[in-house]
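Asks: Provided below: input-v8.cif, containing mmCIF, C-alpha atoms.
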data_final
#
loop_
_atom_site.label_atom_id
_atom_site.label_comp_id
_atom_site.auth_asym_id
_atom_site.auth_seq_id
_atom_site.Cartn_x
_atom_site.Cartn_y
_atom_site.Cartn_z
CA MET A 1 87.23 89.09 140.54
CA GLY A 2 90.93 89.52 139.77
CA THR A 3 92.14 92.47 137.72
CA SER A 4 92.76 90.43 134.57
CA ALA A 5 89.26 88.92 134.63
CA ASP A 6 87.76 92.31 135.41
CA LEU A 7 89.57 93.98 132.49
CA LEU A 8 88.45 91.23 130.12
CA ALA A 9 84.85 91.42 131.35
CA ARG A 10 84.77 95.17 130.70
CA VAL A 11 85.65 94.76 127.03
CA ARG A 12 83.84 91.46 126.39
CA PRO A 13 81.93 92.63 123.24
CA LEU A 14 85.13 94.05 121.76
CA TRP A 15 87.04 90.91 122.64
CA GLU A 16 84.45 88.76 120.91
CA GLU A 17 84.53 91.06 117.90
CA MET A 18 88.27 90.53 117.74
CA LEU A 19 87.93 86.73 117.89
CA ARG A 20 85.34 86.76 115.12
CA HIS A 21 87.53 88.83 112.82
CA PRO A 22 87.60 87.58 109.21
CA PHE A 23 91.40 87.52 109.26
CA LEU A 24 91.37 84.77 111.88
CA VAL A 25 88.43 82.86 110.46
CA GLU A 26 89.74 82.95 106.89
CA THR A 27 93.25 81.97 107.98
CA ARG A 28 91.77 79.04 109.89
CA ASP A 29 89.66 78.00 106.90
CA GLY A 30 92.46 78.39 104.37
CA ALA A 31 90.39 81.05 102.60
CA LEU A 32 92.63 84.07 103.16
CA PRO A 33 94.51 85.25 100.06
CA ASP A 34 98.27 84.88 100.49
CA ALA A 35 98.76 88.57 99.70
CA THR A 36 96.49 89.52 102.61
CA PHE A 37 98.39 87.30 105.02
CA ALA A 38 101.67 88.68 103.68
CA ARG A 39 100.51 92.27 104.31
CA TRP A 40 99.77 91.39 107.93
CA MET A 41 103.09 89.53 108.22
CA ARG A 42 105.18 92.46 107.02
CA GLN A 43 103.52 94.86 109.41
CA ASP A 44 103.57 92.48 112.37
CA TYR A 45 107.28 91.94 111.83
CA LEU A 46 107.78 95.68 112.31
CA PHE A 47 105.53 95.57 115.36
CA VAL A 48 107.48 92.76 117.03
CA GLU A 49 110.72 94.66 116.37
CA ALA A 50 109.26 97.71 118.13
CA ALA A 51 107.90 95.63 121.00
CA ILE A 52 111.48 94.93 122.09
CA PRO A 53 112.27 98.52 123.18
CA PHE A 54 108.83 98.63 124.81
CA MET A 55 109.86 95.60 126.86
CA GLY A 56 113.03 97.50 127.69
CA THR A 57 111.00 100.34 129.19
CA LEU A 58 109.07 97.85 131.31
CA LEU A 59 112.21 96.07 132.39
CA ALA A 60 113.66 99.36 133.61
CA LYS A 61 110.72 99.76 136.00
CA ALA A 62 110.12 96.11 136.88
CA PRO A 63 110.33 94.67 140.39
CA VAL A 64 113.27 92.31 140.81
CA GLY A 65 111.14 89.20 140.49
CA HIS A 66 109.88 90.26 137.06
CA ARG A 67 113.26 90.96 135.53
CA LYS A 68 114.09 87.47 134.35
CA PRO A 69 110.66 86.71 132.84
CA LEU A 70 110.74 90.02 130.95
CA ALA A 71 114.33 89.48 129.80
CA ASP A 72 113.34 85.98 128.64
CA ALA A 73 110.41 87.50 126.78
CA ILE A 74 112.78 89.84 124.93
CA ALA A 75 114.75 86.78 123.83
CA ALA A 76 111.47 85.14 122.80
CA PHE A 77 110.62 88.19 120.68
CA HIS A 78 113.95 87.80 118.90
CA ARG A 79 113.10 84.16 118.23
CA GLU A 80 109.71 85.30 116.93
CA LEU A 81 111.45 87.61 114.48
CA GLY A 82 113.44 84.57 113.34
CA LEU A 83 110.18 82.68 112.81
CA PHE A 84 108.90 85.56 110.66
CA ARG A 85 112.07 85.56 108.56
CA GLU A 86 112.01 81.79 108.16
CA ARG A 87 108.33 81.77 107.13
CA ALA A 88 108.89 84.76 104.85
CA VAL A 89 111.63 82.94 102.95
CA ALA A 90 109.50 79.80 102.70
CA ALA A 91 106.45 81.71 101.45
CA GLY A 92 108.30 84.19 99.23
CA VAL A 93 107.33 87.23 101.32
CA ASP A 94 109.79 90.13 101.26
CA LEU A 95 110.31 91.63 104.73
CA ASP A 96 112.95 94.12 103.64
CA GLY A 97 112.26 97.81 103.14
CA VAL A 98 108.77 97.63 104.62
CA HIS A 99 107.35 100.90 105.99
CA ALA A 100 104.94 101.00 108.87
CA SER A 101 101.31 101.49 107.92
CA PHE A 102 99.36 104.07 109.89
CA VAL A 103 97.84 101.54 112.30
CA CYS A 104 101.16 99.82 112.89
CA HIS A 105 102.89 103.16 113.47
CA ALA A 106 100.14 104.36 115.80
CA TYR A 107 100.15 101.14 117.83
CA VAL A 108 103.93 101.26 118.22
CA GLN A 109 103.80 104.90 119.36
CA PHE A 110 101.11 103.92 121.85
CA LEU A 111 103.34 101.18 123.28
CA LEU A 112 106.39 103.40 123.52
CA ALA A 113 104.51 106.39 124.94
CA THR A 114 102.96 104.12 127.56
CA GLY A 115 106.36 102.67 128.34
CA ALA A 116 107.86 106.12 128.75
CA LEU A 117 105.12 107.86 130.71
CA SER A 118 103.01 105.33 132.56
CA SER A 119 103.44 103.30 135.71
CA TYR A 120 104.82 99.78 135.60
CA GLY A 121 101.36 98.36 136.28
CA GLU A 122 99.89 100.34 133.39
CA GLY A 123 102.61 99.25 130.98
CA PHE A 124 102.26 95.66 132.19
CA THR A 125 98.53 95.89 131.46
CA VAL A 126 99.25 96.78 127.83
CA LEU A 127 101.69 93.86 127.55
CA TYR A 128 99.14 91.46 129.02
CA ALA A 129 96.37 92.75 126.74
CA ALA A 130 98.48 92.33 123.61
CA GLU A 131 99.75 88.87 124.54
CA LYS A 132 96.37 87.59 125.73
CA ALA A 133 94.79 88.93 122.53
CA TYR A 134 97.33 87.04 120.44
CA HIS A 135 96.97 83.82 122.40
CA ASP A 136 93.17 83.81 122.19
CA SER A 137 93.14 84.94 118.56
CA TRP A 138 95.53 82.26 117.35
CA LYS A 139 93.62 79.62 119.32
CA VAL A 140 90.68 80.50 117.05
CA VAL A 141 92.92 79.78 114.05
CA LYS A 142 94.28 76.60 115.63
CA ALA A 143 90.76 75.17 115.94
CA GLY A 144 90.51 74.00 112.34
CA ILE A 145 93.57 75.10 110.35
CA ASP A 146 95.08 72.56 107.96
CA PRO A 147 98.27 71.25 109.65
CA GLY A 148 99.96 71.61 106.27
CA SER A 149 99.23 75.37 106.11
CA PRO A 150 102.30 77.56 105.47
CA TRP A 151 101.22 79.63 108.46
CA ILE A 152 101.10 76.77 110.97
CA GLY A 153 104.34 77.95 112.59
CA PHE A 154 102.64 81.14 113.76
CA VAL A 155 99.71 79.14 115.14
CA GLU A 156 102.02 76.81 117.04
CA ASN A 157 103.93 79.77 118.42
CA TRP A 158 101.06 81.84 119.80
CA ALA A 159 98.47 79.13 120.49
CA GLY A 160 101.03 76.69 121.90
CA ASP A 161 101.71 75.57 125.46
CA ALA A 162 104.81 77.70 126.05
CA PHE A 163 102.98 80.87 125.08
CA ALA A 164 99.97 79.79 127.17
CA GLY A 165 102.30 79.51 130.15
CA TRP A 166 103.67 83.02 129.54
CA VAL A 167 100.17 84.50 129.28
CA SER A 168 99.15 82.68 132.44
CA TRP A 169 102.15 84.16 134.27
CA LEU A 170 101.23 87.64 133.00
CA GLU A 171 97.67 87.11 134.21
CA THR A 172 98.71 86.12 137.73
CA GLU A 173 101.16 88.97 138.03
CA LEU A 174 98.68 91.50 136.64
CA ASP A 175 96.20 90.43 139.31
CA GLY A 176 98.85 91.17 141.92
CA LEU A 177 99.67 94.56 140.39
CA GLY A 178 95.96 95.38 140.23
CA ASP A 179 95.49 94.51 143.90
CA ALA A 180 98.34 96.82 144.81
CA ALA A 181 97.10 99.69 142.63
CA GLY A 182 94.83 102.50 143.78
CA GLU A 183 91.53 103.27 142.14
CA ALA A 184 92.96 105.93 139.81
CA GLU A 185 95.68 103.63 138.52
CA ARG A 186 93.19 100.81 138.02
CA ALA A 187 91.02 103.17 135.96
CA ARG A 188 94.04 104.04 133.78
CA MET A 189 94.81 100.32 133.45
CA ALA A 190 91.27 99.75 132.20
CA ASP A 191 91.58 102.57 129.62
CA LEU A 192 94.89 101.19 128.37
CA PHE A 193 93.53 97.66 128.22
CA GLU A 194 90.62 98.80 126.05
CA ALA A 195 92.87 100.90 123.80
CA THR A 196 95.15 97.91 123.28
CA VAL A 197 92.25 95.69 122.26
CA ARG A 198 91.10 98.33 119.78
CA TYR A 199 94.59 98.47 118.29
CA GLU A 200 94.65 94.67 118.05
CA ILE A 201 91.42 94.71 116.05
CA ALA A 202 92.69 97.55 113.88
CA PHE A 203 95.80 95.46 113.23
CA TRP A 204 93.73 92.58 111.83
CA GLU A 205 91.93 95.15 109.73
CA LEU A 206 95.14 96.51 108.27
CA ALA A 207 95.81 93.13 106.66
CA TYR A 208 93.00 94.01 104.30
CA GLY A 209 94.55 97.39 103.54
CA ARG A 210 91.46 99.30 104.61
CA ALA A 211 91.83 103.03 105.18
CA ASP A 212 95.35 102.66 106.39
CA GLY A 213 97.35 104.85 104.06
CA TRP A 214 99.61 107.76 104.76
CA PRO A 215 98.89 110.90 102.79
CA GLY A 216 100.71 112.97 100.33
CA ILE A 217 104.14 111.73 99.50
CA ARG A 218 106.15 108.65 98.82
CA GLU A 219 107.00 106.37 101.72
CA VAL A 220 109.76 107.70 103.93
CA ALA A 221 113.06 106.08 103.02
CA MET B 222 124.48 126.19 101.34
CA SER B 223 120.85 126.03 102.29
CA ALA B 224 119.68 125.70 105.87
CA PHE B 225 118.63 122.25 107.07
CA THR B 226 115.09 123.55 107.63
CA ASP B 227 114.95 124.45 103.92
CA GLU B 228 115.71 120.80 103.16
CA LEU B 229 112.99 119.71 105.57
CA PHE B 230 110.51 122.05 103.97
CA ALA B 231 111.41 120.83 100.47
CA ALA B 232 111.01 117.20 101.54
CA ALA B 233 107.61 117.76 103.14
CA ARG B 234 106.32 120.38 100.72
CA PRO B 235 103.78 118.10 98.99
CA VAL B 236 102.24 117.28 102.36
CA TRP B 237 102.22 120.92 103.44
CA GLU B 238 100.65 122.00 100.15
CA ALA B 239 98.08 119.22 100.58
CA GLN B 240 97.27 120.66 104.01
CA LEU B 241 96.76 124.09 102.51
CA GLU B 242 94.44 122.60 99.90
CA HIS B 243 92.57 120.44 102.39
CA PRO B 244 88.83 121.24 102.37
CA PHE B 245 88.94 121.91 106.11
CA VAL B 246 91.60 124.60 105.68
CA ARG B 247 89.93 125.97 102.53
CA GLY B 248 86.72 126.18 104.54
CA ILE B 249 88.41 128.34 107.17
CA ALA B 250 89.88 130.55 104.44
CA ALA B 251 86.51 130.99 102.77
CA GLY B 252 84.68 131.26 106.09
CA ASP B 253 82.11 128.70 105.00
CA LEU B 254 83.36 125.71 106.99
CA ASP B 255 80.44 123.94 108.65
CA GLU B 256 80.45 125.01 112.29
CA GLU B 257 79.82 121.43 113.45
CA VAL B 258 82.92 120.29 111.60
CA PHE B 259 85.01 123.12 113.03
CA ARG B 260 83.89 122.27 116.58
CA ARG B 261 85.64 118.92 116.18
CA TRP B 262 88.91 120.75 115.65
CA VAL B 263 88.33 122.99 118.67
CA VAL B 264 87.90 120.00 120.97
CA GLN B 265 90.59 117.80 119.45
CA ASP B 266 93.14 120.62 119.32
CA TYR B 267 92.54 121.38 123.00
CA LEU B 268 93.28 117.76 123.87
CA TYR B 269 96.30 117.88 121.58
CA LEU B 270 97.68 121.00 123.28
CA MET B 271 97.72 119.29 126.67
CA GLU B 272 100.04 116.63 125.27
CA PHE B 273 102.01 119.11 123.16
CA ALA B 274 102.83 120.99 126.36
CA ARG B 275 104.54 117.88 127.71
CA VAL B 276 106.87 117.96 124.72
CA PHE B 277 108.09 121.41 125.75
CA ALA B 278 108.66 120.05 129.26
CA TRP B 279 110.86 117.28 127.85
CA ALA B 280 112.64 119.86 125.68
CA ALA B 281 113.46 122.01 128.70
CA ALA B 282 114.80 118.92 130.46
CA LYS B 283 116.96 117.94 127.48
CA ALA B 284 118.16 121.38 126.38
CA ASP B 285 121.90 121.77 126.06
CA ARG B 286 122.12 125.46 126.91
CA LEU B 287 120.41 127.90 129.24
CA ALA B 288 118.90 130.05 126.46
CA SER B 289 117.11 127.04 124.99
CA MET B 290 116.03 125.79 128.39
CA GLY B 291 114.47 129.17 129.11
CA TRP B 292 112.72 129.32 125.74
CA TYR B 293 111.14 125.88 126.17
CA ALA B 294 110.13 126.67 129.74
CA ALA B 295 108.49 129.87 128.51
CA ALA B 296 106.76 127.97 125.69
CA LEU B 297 105.47 125.45 128.22
CA ASP B 298 104.16 128.22 130.47
CA LEU B 299 102.60 130.02 127.50
CA THR B 300 100.91 126.88 126.23
CA LEU B 301 99.52 125.77 129.58
CA ASN B 302 98.66 129.08 131.16
CA THR B 303 97.86 131.37 128.25
CA GLU B 304 97.18 129.51 125.03
CA MET B 305 94.83 127.00 126.61
CA GLU B 306 92.90 129.81 128.28
CA LEU B 307 92.64 131.56 124.90
CA HIS B 308 91.49 128.28 123.43
CA ARG B 309 88.77 128.02 126.09
CA ALA B 310 87.62 131.57 125.32
CA TYR B 311 87.67 130.82 121.59
CA ALA B 312 85.73 127.57 122.14
CA ALA B 313 83.05 129.53 124.02
CA ARG B 314 82.38 131.48 120.80
CA PHE B 315 81.30 128.16 119.30
CA GLY B 316 79.18 127.26 122.29
CA ILE B 317 81.72 124.80 123.70
CA SER B 318 82.23 125.02 127.47
CA ALA B 319 85.47 124.34 129.34
CA GLU B 320 83.77 121.22 130.72
CA ASP B 321 83.02 120.00 127.19
CA LEU B 322 86.66 120.50 126.27
CA GLU B 323 87.94 118.65 129.30
CA ALA B 324 85.48 115.79 128.79
CA GLY B 325 86.31 115.35 125.10
CA ALA B 326 87.60 111.94 124.02
CA MET B 327 90.77 111.86 121.99
CA TRP B 328 90.17 110.43 118.52
CA PRO B 329 92.50 107.76 117.10
CA THR B 330 94.59 110.02 114.84
CA ASN B 331 95.04 112.53 117.64
CA ARG B 332 96.04 109.80 120.07
CA ALA B 333 98.52 108.34 117.60
CA TYR B 334 100.04 111.76 116.85
CA THR B 335 100.41 112.78 120.48
CA ASP B 336 101.76 109.35 121.46
CA PHE B 337 104.30 109.76 118.67
CA LEU B 338 105.31 113.23 119.86
CA VAL B 339 105.52 112.32 123.52
CA ARG B 340 107.46 109.13 123.00
CA THR B 341 109.86 110.85 120.58
CA ALA B 342 110.34 113.56 123.20
CA ALA B 343 110.98 110.92 125.86
CA ASP B 344 113.21 108.58 123.85
CA GLY B 345 114.95 110.91 121.43
CA ASP B 346 117.49 113.67 121.84
CA LEU B 347 116.67 117.36 121.55
CA ALA B 348 117.23 117.45 117.77
CA GLU B 349 114.76 114.61 117.27
CA LEU B 350 112.26 116.26 119.56
CA VAL B 351 112.48 119.56 117.65
CA ALA B 352 112.21 117.80 114.27
CA ALA B 353 109.00 116.12 115.45
CA LEU B 354 107.36 119.24 116.89
CA LEU B 355 108.31 121.65 114.09
CA PRO B 356 105.57 120.64 111.64
CA CYS B 357 102.97 121.74 114.19
CA ALA B 358 104.58 124.98 115.35
CA TRP B 359 105.96 126.01 111.98
CA GLY B 360 103.13 124.46 109.95
CA TYR B 361 100.38 126.43 111.69
CA ALA B 362 102.40 129.64 111.32
CA TRP B 363 102.93 128.84 107.62
CA ILE B 364 99.27 128.06 106.98
CA GLY B 365 98.20 131.16 108.91
CA GLN B 366 100.57 133.32 106.89
CA ARG B 367 99.43 131.85 103.58
CA LEU B 368 95.76 132.31 104.42
CA ALA B 369 96.43 135.86 105.60
CA GLU B 370 97.62 136.77 102.10
CA ASP B 371 93.98 136.72 101.00
CA GLU B 372 90.98 138.67 102.13
CA ARG B 373 89.66 137.64 105.54
CA PRO B 374 86.46 135.61 105.71
CA SER B 375 83.40 137.50 106.89
CA ASP B 376 82.88 135.17 109.85
CA ARG B 377 84.96 136.93 112.48
CA ARG B 378 85.70 133.66 114.29
CA TYR B 379 87.47 132.20 111.26
CA ALA B 380 89.18 135.52 110.54
CA ASP B 381 90.52 135.48 114.10
CA TRP B 382 91.77 131.93 113.63
CA ILE B 383 93.81 133.07 110.63
CA GLU B 384 95.10 136.14 112.42
CA THR B 385 96.17 134.11 115.44
CA TYR B 386 98.41 131.81 113.45
CA ALA B 387 99.59 134.55 111.10
CA SER B 388 100.50 136.73 114.10
CA ALA B 389 104.01 137.96 114.76
CA GLU B 390 104.05 135.88 117.94
CA PHE B 391 103.53 132.60 116.06
CA GLN B 392 105.91 133.60 113.26
CA THR B 393 108.62 134.50 115.76
CA ALA B 394 108.19 131.24 117.64
CA ALA B 395 108.41 129.25 114.40
CA GLU B 396 111.49 131.19 113.36
CA TRP B 397 113.18 130.53 116.70
CA LEU B 398 112.46 126.82 116.42
CA ARG B 399 113.85 126.72 112.87
CA GLY B 400 117.00 128.40 114.14
CA GLU B 401 117.18 125.87 116.95
CA MET B 402 116.81 122.99 114.49
CA ASN B 403 119.59 124.39 112.31
CA ARG B 404 121.82 124.92 115.34
CA LEU B 405 121.25 121.34 116.49
CA VAL B 406 122.32 119.78 113.19
CA VAL B 407 125.72 121.42 113.03
CA ASP B 408 128.25 118.58 112.80
CA VAL B 409 125.70 115.77 112.91
CA SER B 410 126.07 112.77 110.61
CA ALA B 411 124.19 112.24 107.35
CA GLU B 412 122.38 109.32 109.01
CA LYS B 413 121.20 111.58 111.79
CA ARG B 414 119.89 114.11 109.27
CA ASP B 415 117.99 111.32 107.55
CA ARG B 416 116.43 110.34 110.87
CA LEU B 417 115.43 113.96 111.57
CA ARG B 418 113.95 114.30 108.08
CA GLU B 419 111.93 111.13 108.69
CA LEU B 420 110.53 112.51 111.96
CA PHE B 421 109.68 115.82 110.30
CA LEU B 422 107.85 113.99 107.51
CA LEU B 423 105.95 111.80 109.93
CA SER B 424 104.69 114.78 111.91
CA SER B 425 103.80 116.56 108.67
CA ARG B 426 101.71 113.57 107.67
CA TYR B 427 100.05 113.53 111.06
CA GLU B 428 99.23 117.22 110.59
CA TRP B 429 97.47 116.39 107.33
CA ARG B 430 95.66 113.51 108.99
CA PHE B 431 94.54 115.85 111.79
CA TRP B 432 92.66 118.04 109.27
CA GLU B 433 91.29 114.89 107.68
CA MET B 434 90.17 113.56 111.08
CA CYS B 435 88.31 116.79 111.82
CA TRP B 436 86.85 116.97 108.32
CA ARG B 437 85.48 113.44 108.27
CA GLY B 438 84.96 112.78 111.94
CA GLU B 439 86.60 109.72 113.38
CA ALA B 440 86.05 106.79 115.67
CA TRP B 441 87.67 103.47 116.36
CA ALA B 442 86.80 100.84 113.75
CA VAL B 443 84.86 98.90 116.37
#
Please lay out the structure from this file as structure tokens.
Replies:
Amino acid sequence: MGTSADLLARVRPLWEEMLRHPFLVETRDGALPDATFARWMRQDYLFVEAAIPFMGTLLAKAPVGHRKPLADAIAAFHRELGLFRERAVAAGVDLDGVHASFVCHAYVQFLLATGALSSYGEGFTVLYAAEKAYHDSWKVVKAGIDPGSPWIGFVENWAGDAFAGWVSWLETELDGLGDAAGEAERARMADLFEATVRYEIAFWELAYGRADGWPGIREVA
Amino acid sequence: MSAFTDELFAAARPVWEAQLEHPFVRGIAAGDLDEEVFRRWVVQDYLYLMEFARVFAWAAAKADRLASMGWYAAALDLTLNTEMELHRAYAARFGISAEDLEAGAMWPTNRAYTDFLVRTAADGDLAELVAALLPCAWGYAWIGQRLAEDERPSDRRYADWIETYASAEFQTAAEWLRGEMNRLVVDVSAEKRDRLRELFLLSSRYEWRFWEMCWRGEAWAV
């Protein structure tokens, strides 16, 4: 079994939990309140912004053959931000002046700490986990969403062929990195993979505003 | 003109006061905190210290003068080779072995806080690093000092907790770090001060959440 399949097999119950999440099901069925989708959208916009420096940390450690795909992915993230802005205008969602919720902040710190301290293979594992999670999650939404939904652009982006090709490339390369890693590094890759999946689920949860506040004082300006 | 650390304190004061009023902290002060609840802090703080030590290592690497480099190196040595041993001895008084400490799993708030500290230490400059670590170093000294104003709890273990953080050693370390923060902001831009204030506030909030995590117990949502 390749590393990517092995990592997925280890977290199968969690993965299935993620794919059953009400956020995905209700978005697919057109039952999700617009305000709930908007809350996710604002936070995910901040997350994609922060994913760009994370990609930078990976790029700095990447083997030569990975540089162009990672650089292209950074450009794709910028296009994704454009998609968010375009959808936000169309749906009347304000993306300005948004502050990171606890889960969003924590997930971003996790990405950046991994990028700063971990091996390339470990960081690559986190990237694969996040992208694979998005691809599979939005495929759930794709299987039944009204083509006239205001959110169809997101579905087409993450459940589409181009993104499938990117995830497939990540999968193949992760298998190679896993083969080259020692047992200790593979164990760390497994821990990071699981942590990423947990953050992905927590991120769907935050759309509902559950237990995600910061204490004490007004939002930091 | 007030020191920059006075501005930081004023900005975060509601969060610091909320920490002082947190039932976990009140329970230490009164000595009636459920031992099971306190054990959570003992384990989580041990795991936290391991990551906190890395921040001092980054600080030594980024320091702009020999005196600071030496101070951070000493803080690193003290944390790893003295404080963690003291923590193990203290944990034993609650029936927690060194093996239990090492085997503890980091809870989500703790992981988020330490990831935040470590990545700020890695990505930021020394001023940003110090702004992020101050709410822990100074905050514990402040809470210890405030609790020490009242009569000690009868449970010696909680009384010792208060005395540790109220001790001259902790107060001196906090004072040095405040001086370092104020030194590092000389001639920096208003935007930079805003950024440092933001980091200080974020760590202060994480400090509050750390008490909350220990008070309520915590796990991943699924």
Asks: Evaluate the PyMOL selection byres ((chain B and resi 401-407) around 12) and record the selected residues as number ranges by chain, following the chain and residue labels used in the document.
Replies: B: 223-229, 280, 284-286, 288-290, 292-293, 346-356, 359, 394-400, 408-418, 421
Asks: Any chance you could export the current selection's C-alpha atoms as an mmCIF file, keeping the file's coordinate frame?
Replies:
data_model
loop_
_atom_site.group_PDB
_atom_site.id
_atom_site.type_symbol
_atom_site.label_atom_id
_atom_site.label_comp_id
_atom_site.auth_asym_id
_atom_site.auth_seq_id
_atom_site.Cartn_x
_atom_site.Cartn_y
_atom_site.Cartn_z
ATOM 1 C CA SER B 223 120.850 126.030 102.290
ATOM 2 C CA ALA B 224 119.680 125.700 105.870
ATOM 3 C CA PHE B 225 118.630 122.250 107.070
ATOM 4 C CA THR B 226 115.090 123.550 107.630
ATOM 5 C CA ASP B 227 114.950 124.450 103.920
ATOM 6 C CA GLU B 228 115.710 120.800 103.160
ATOM 7 C CA LEU B 229 112.990 119.710 105.570
ATOM 8 C CA ALA B 280 112.640 119.860 125.680
ATOM 9 C CA ALA B 284 118.160 121.380 126.380
ATOM 10 C CA ASP B 285 121.900 121.770 126.060
ATOM 11 C CA ARG B 286 122.120 125.460 126.910
ATOM 12 C CA ALA B 288 118.900 130.050 126.460
ATOM 13 C CA SER B 289 117.110 127.040 124.990
ATOM 14 C CA MET B 290 116.030 125.790 128.390
ATOM 15 C CA TRP B 292 112.720 129.320 125.740
ATOM 16 C CA TYR B 293 111.140 125.880 126.170
ATOM 17 C CA ASP B 346 117.490 113.670 121.840
ATOM 18 C CA LEU B 347 116.670 117.360 121.550
ATOM 19 C CA ALA B 348 117.230 117.450 117.770
ATOM 20 C CA GLU B 349 114.760 114.610 117.270
ATOM 21 C CA LEU B 350 112.260 116.260 119.560
ATOM 22 C CA VAL B 351 112.480 119.560 117.650
ATOM 23 C CA ALA B 352 112.210 117.800 114.270
ATOM 24 C CA ALA B 353 109.000 116.120 115.450
ATOM 25 C CA LEU B 354 107.360 119.240 116.890
ATOM 26 C CA LEU B 355 108.310 121.650 114.090
ATOM 27 C CA PRO B 356 105.570 120.640 111.640
ATOM 28 C CA TRP B 359 105.960 126.010 111.980
ATOM 29 C CA ALA B 394 108.190 131.240 117.640
ATOM 30 C CA ALA B 395 108.410 129.250 114.400
ATOM 31 C CA GLU B 396 111.490 131.190 113.360
ATOM 32 C CA TRP B 397 113.180 130.530 116.700
ATOM 33 C CA LEU B 398 112.460 126.820 116.420
ATOM 34 C CA ARG B 399 113.850 126.720 112.870
ATOM 35 C CA GLY B 400 117.000 128.400 114.140
ATOM 36 C CA ASP B 408 128.250 118.580 112.800
ATOM 37 C CA VAL B 409 125.700 115.770 112.910
ATOM 38 C CA SER B 410 126.070 112.770 110.610
ATOM 39 C CA ALA B 411 124.190 112.240 107.350
ATOM 40 C CA GLU B 412 122.380 109.320 109.010
ATOM 41 C CA LYS B 413 121.200 111.580 111.790
ATOM 42 C CA ARG B 414 119.890 114.110 109.270
ATOM 43 C CA ASP B 415 117.990 111.320 107.550
ATOM 44 C CA ARG B 416 116.430 110.340 110.870
ATOM 45 C CA LEU B 417 115.430 113.960 111.570
ATOM 46 C CA ARG B 418 113.950 114.300 108.080
ATOM 47 C CA PHE B 421 109.680 115.820 110.300
#
Asks: Expand the PyMOL selection byres ((chain A) within 6 of (chain B)) into the individual residues it matches in the shown file, reporting them as a PyMOL selection string.
Replies: chain A and resi 106+109-110+112-113+216
Asks: Convert the output of the PyMOL selection byres ((chain A and resi 201) around 10) on the shown file into explicit residues, formatted as number ranges by chain.
Replies: A: 14-15, 17-19, 21, 23, 133, 196-200, 202-206; B: 441-443
Asks: Atoms to include: C-alpha atoms. Write the selected residues as a PDB file, in the coordinates of the input.
Replies:
ATOM      1  CA  LEU A  14      85.130  94.050 121.760  1.00  0.00           C
ATOM      2  CA  TRP A  15      87.040  90.910 122.640  1.00  0.00           C
ATOM      3  CA  GLU A  17      84.530  91.060 117.900  1.00  0.00           C
ATOM      4  CA  MET A  18      88.270  90.530 117.740  1.00  0.00           C
ATOM      5  CA  LEU A  19      87.930  86.730 117.890  1.00  0.00           C
ATOM      6  CA  HIS A  21      87.530  88.830 112.820  1.00  0.00           C
ATOM      7  CA  PHE A  23      91.400  87.520 109.260  1.00  0.00           C
ATOM      8  CA  ALA A 133      94.790  88.930 122.530  1.00  0.00           C
ATOM      9  CA  THR A 196      95.150  97.910 123.280  1.00  0.00           C
ATOM     10  CA  VAL A 197      92.250  95.690 122.260  1.00  0.00           C
ATOM     11  CA  ARG A 198      91.100  98.330 119.780  1.00  0.00           C
ATOM     12  CA  TYR A 199      94.590  98.470 118.290  1.00  0.00           C
ATOM     13  CA  GLU A 200      94.650  94.670 118.050  1.00  0.00           C
ATOM     14  CA  ALA A 202      92.690  97.550 113.880  1.00  0.00           C
ATOM     15  CA  PHE A 203      95.800  95.460 113.230  1.00  0.00           C
ATOM     16  CA  TRP A 204      93.730  92.580 111.830  1.00  0.00           C
ATOM     17  CA  GLU A 205      91.930  95.150 109.730  1.00  0.00           C
ATOM     18  CA  LEU A 206      95.140  96.510 108.270  1.00  0.00           C
TER      19      LEU A 206
ATOM     20  CA  TRP B 441      87.670 103.470 116.360  1.00  0.00           C
ATOM     21  CA  ALA B 442      86.800 100.840 113.750  1.00  0.00           C
ATOM     22  CA  VAL B 443      84.860  98.900 116.370  1.00  0.00           C
TER      23      VAL B 443
END
Asks: Measuring atom to atom with all atoms listed in the file, identify which of A:Ala116, A:Glu26, A:Ala9, A:Ser4 is nearest to Gly345 in chain B.
Replies: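 Selected residue with least distance to Gly345 in chain B: A:Ala116.
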Asks: Hey, can I get the axis-aligned box for range 130-134 of chain A? All listed atoms, 4 Å padding on each side, centre and edge lengths in Å to one decimal, as lines of an AutoDock Vina configuration file.
Replies:
center_x = 97.3
center_y = 89.7
center_z = 123.1
size_x = 13.0
size_y = 13.3
size_z = 13.3
Asks: Could you check which of A:Arg67, A:Arg87, A:Lys139, A:Arg210 is closest to Thr36 in chain A, using all atoms listed in the file?
Replies: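 Using all atoms listed in the file, the shortest distance to Thr36 in chain A belongs to A:Arg210.
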Asks: Using only C-alpha atoms, determine which residues lie at most 12 Å from range 38-46 of chain A, disregarding the query and same-chain residues fewer than 3 positions distant; provide the list as a ChimeraX atom specification.
Replies: /A:23-24,27,32-35,49-52,77-108,134,150-151,154,200,202-210,212
Asks: Quick one: of B:Leu322, B:Ala380, B:Ala278, B:Ala369, who's nearest to Asp266 in chain B, counting all atoms listed in the file?
Replies: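 Of B:Leu322, B:Ala380, B:Ala278, B:Ala369, the one nearest Asp266 in chain B is B:Leu322, counting all atoms listed in the file.
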Asks: Taking only C-alpha atoms into account, which of B:Leu301, B:Cys357, B:Val276, B:Leu307 comes nearest Trp382 in chain B?
Replies: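 Comparing B:Leu301, B:Cys357, B:Val276, B:Leu307 against Trp382 in chain B, the winner is B:Leu307.
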